[in-house]
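Asker: Before I ask anything, let me first share the structure, which is written out below as structure tokens.
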Amino acid sequence: MTTVSSSTSPNTATTSSSTSTSSSSTPAGSATQNATKTAAQALFNSLQTGSGIDLSTVVPSLIEAQFAAKTAALKAKSDTLTAQISDVSSIKSAITDFAAALASLAQGGTLATQATSSDPSTMSVTTAAGAKLSGMSKSITINALASAQVSSTTTAFSKTASLGTGSLSIKVGSKDAVSVSFGADDSTPDLLAAKINAANTGITASVVTDASGNAFLSFTGASGKDNSFTITATEGDTAGLARLNVGNGATGTTTSSTAANASITMDGVTVERASNTVNDLVPGVTMTLSAVSTKPLSLTGSSPTAALSSVVSNFVLTYNDNMTALNKAIDPISGDLRSDPAARSLAQTMRTLTTTKLVPGDDTDLGPKTLADLGVKTEKDGTLSIDQTRLAKALSSYPSSVEKMFQASGDNLIGLSARMNSVQLSATSSVYGLTASYNNLTQAQKDLADQQSSLSDNRERASDALTARFSAMNSRVTAYKSVQSFMDQQVKMWTKSN
């Protein structure tokens, strides 16, 4: 029995080695070859000993030999899907961030002509996003500043004593008077001021404490001549509120500032405004008046040349980062997404951005219309570079045209921001874009997980069956050895007897 087993094992090992030679060039073939050699050697060693088969070694080796190729193939496919999903997610996220950043910059207003004051200390200006100020030139004279009425008590009061009971009628301009009532427990200076403020009367009451700890009451209205105010007291059981009367011959208070409008002359036309913050004279421009001007001020539109030059450079840098990653993913030899139509379509669309028209109007109009016209050129590897001399010339000669390229998508439906939004929407489409690719890949990953689970089940069943088969065989071998031992003893006894 031992002789038969010995002569069989080498043949088995030779056959396994011969079979696996043709497939040894692949990972799955190598795995099968190694597993088969291990199984054959384990079986040979067990049978050689003549003491039974070591199931804990032989069965796992044989099962590994049987399932190695399929296991390796599924793992390789799983690794590929994981890499593809990672690339799709990364590219989709990068393109989305690229478009969002460009849109935010365009909407922020820093790439549009900015309002500039010739004397910011007298009149500062801010520009609203989307304001159209190209070519603006205004002459402005500030004749008077707007002021608010400020009235305060002429004497100080104890901070803990009641100022009296009754009510105060507060009338601001032509508005209806507002009455605020006070009792003995809420008419100390602090409580009285808080109650006036809570009543939204149109004035603000405040308490000013002197060096002795006593309190003056101060009342301030809004700026503008229509916001002058009066305060009239109606005395209650405890007199004293009349000391807070304002206007109409009152003696307990004094007015240090009267309500007046700002007076502004723009391009020869004089207008008044109730506030020193004026945002309705020039659309998109807010002027803050700080002083009366001694000479006319200039309000002009200043092209954001530095900001536009910077955004072109930043666009090229971000574009190159995205295209480098995308080109690596779709490399026809090593790219994980080389067969993905959405990724390849995105790359093709990105490559056309430099030659796509970004400014509305007739093609015969002067000025740059594409990124290529600004000096942005495509290198052999697909990345972009900038001809700084050409960019500087375009910004100097046609600032408004360059500005239009980077306007928000709502203001320029073919501008760079709008184009990038279109690229992003197409790239992330769930029908034909990267989202569709992602969905297909994740579904394939789920299907693969089911196959791996099924293979694991099959492997377990095969292991159980092989274990049972070798256990039965081991029992028979043991029985044969018992008979052989008995026969050997009998022969020896017979030999002695002779």
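Ordering of the structure tokens sets the chain letters (A, B, ...); residue numbers start at 1 within each chain; ligands are numbered from 1 in the order shown.
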How would you write, as number ranges by chain, the set of residues in stretch 142-371 of chain A that DSSP gives as strand (DSSP E)?
Answerer: A: 142-144, 148-153, 166-172, 178-182, 204-209, 215-223, 229-235, 253-257, 262-266, 269-273, 277-278, 285-289, 297-302
Asker: Determine which residues of stretch 253-425 of chain A DSSP labels as alpha helix (DSSP H) from the backbone of this structure, then write them out as a ChimeraX atom specification.
Answerer: /A:305-329,341-351,388-397,399-405,416-425
Asker: Using only C-alpha atoms, which of the listed residues (A:Ala205, A:Val125, A:Ala436, A:Met136) sits closest to A:Ala342?
Answerer: A:Ala436
Asker: How close does stretch 79-112 of chain A get to stretch 304-320 of chain A? List, as a Markdown table, each residue of stretch 79-112 of chain A within 10 Å, its nearest atom pair and the distance in Å to one decimal, counting only C-alpha atoms.
Answerer:
| residue | atom | partner | partner_atom | distance |
| --- | --- | --- | --- | --- |
| A:Ala94 | CA | A:Thr318 | CA | 9.3 |
| A:Ile95 | CA | A:Tyr319 | CA | 9.2 |
| A:Phe98 | CA | A:Thr318 | CA | 7.3 |
| A:Ala101 | CA | A:Phe315 | CA | 9.9 |
| A:Leu102 | CA | A:Phe315 | CA | 8.2 |
| A:Leu105 | CA | A:Val311 | CA | 8.7 |
| A:Ala106 | CA | A:Val311 | CA | 9.9 |
| A:Gly109 | CA | A:Pro304 | CA | 9.9 |
| A:Thr110 | CA | A:Ala307 | CA | 7.0 |
| A:Leu111 | CA | A:Leu308 | CA | 6.0 |
| A:Ala112 | CA | A:Pro304 | CA | 6.4 |
Asker: Taking only C-alpha atoms into account, name the residue in A:Ala177, A:Val285, A:Val150, A:Val208 that is nearest to A:Lys138.
Answerer: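 Ranking A:Ala177, A:Val285, A:Val150, A:Val208 by distance to A:Lys138, first place goes to A:Val285.
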Asker: Taking 2 positions as the minimum chain separation for residues in the same chain, which residues sit within 7 Å of A:Asn245 when counting only C-alpha atoms? Answer as a ChimeraX atom specification.
Answerer: /A:231-233,242-243,247,250,252-253
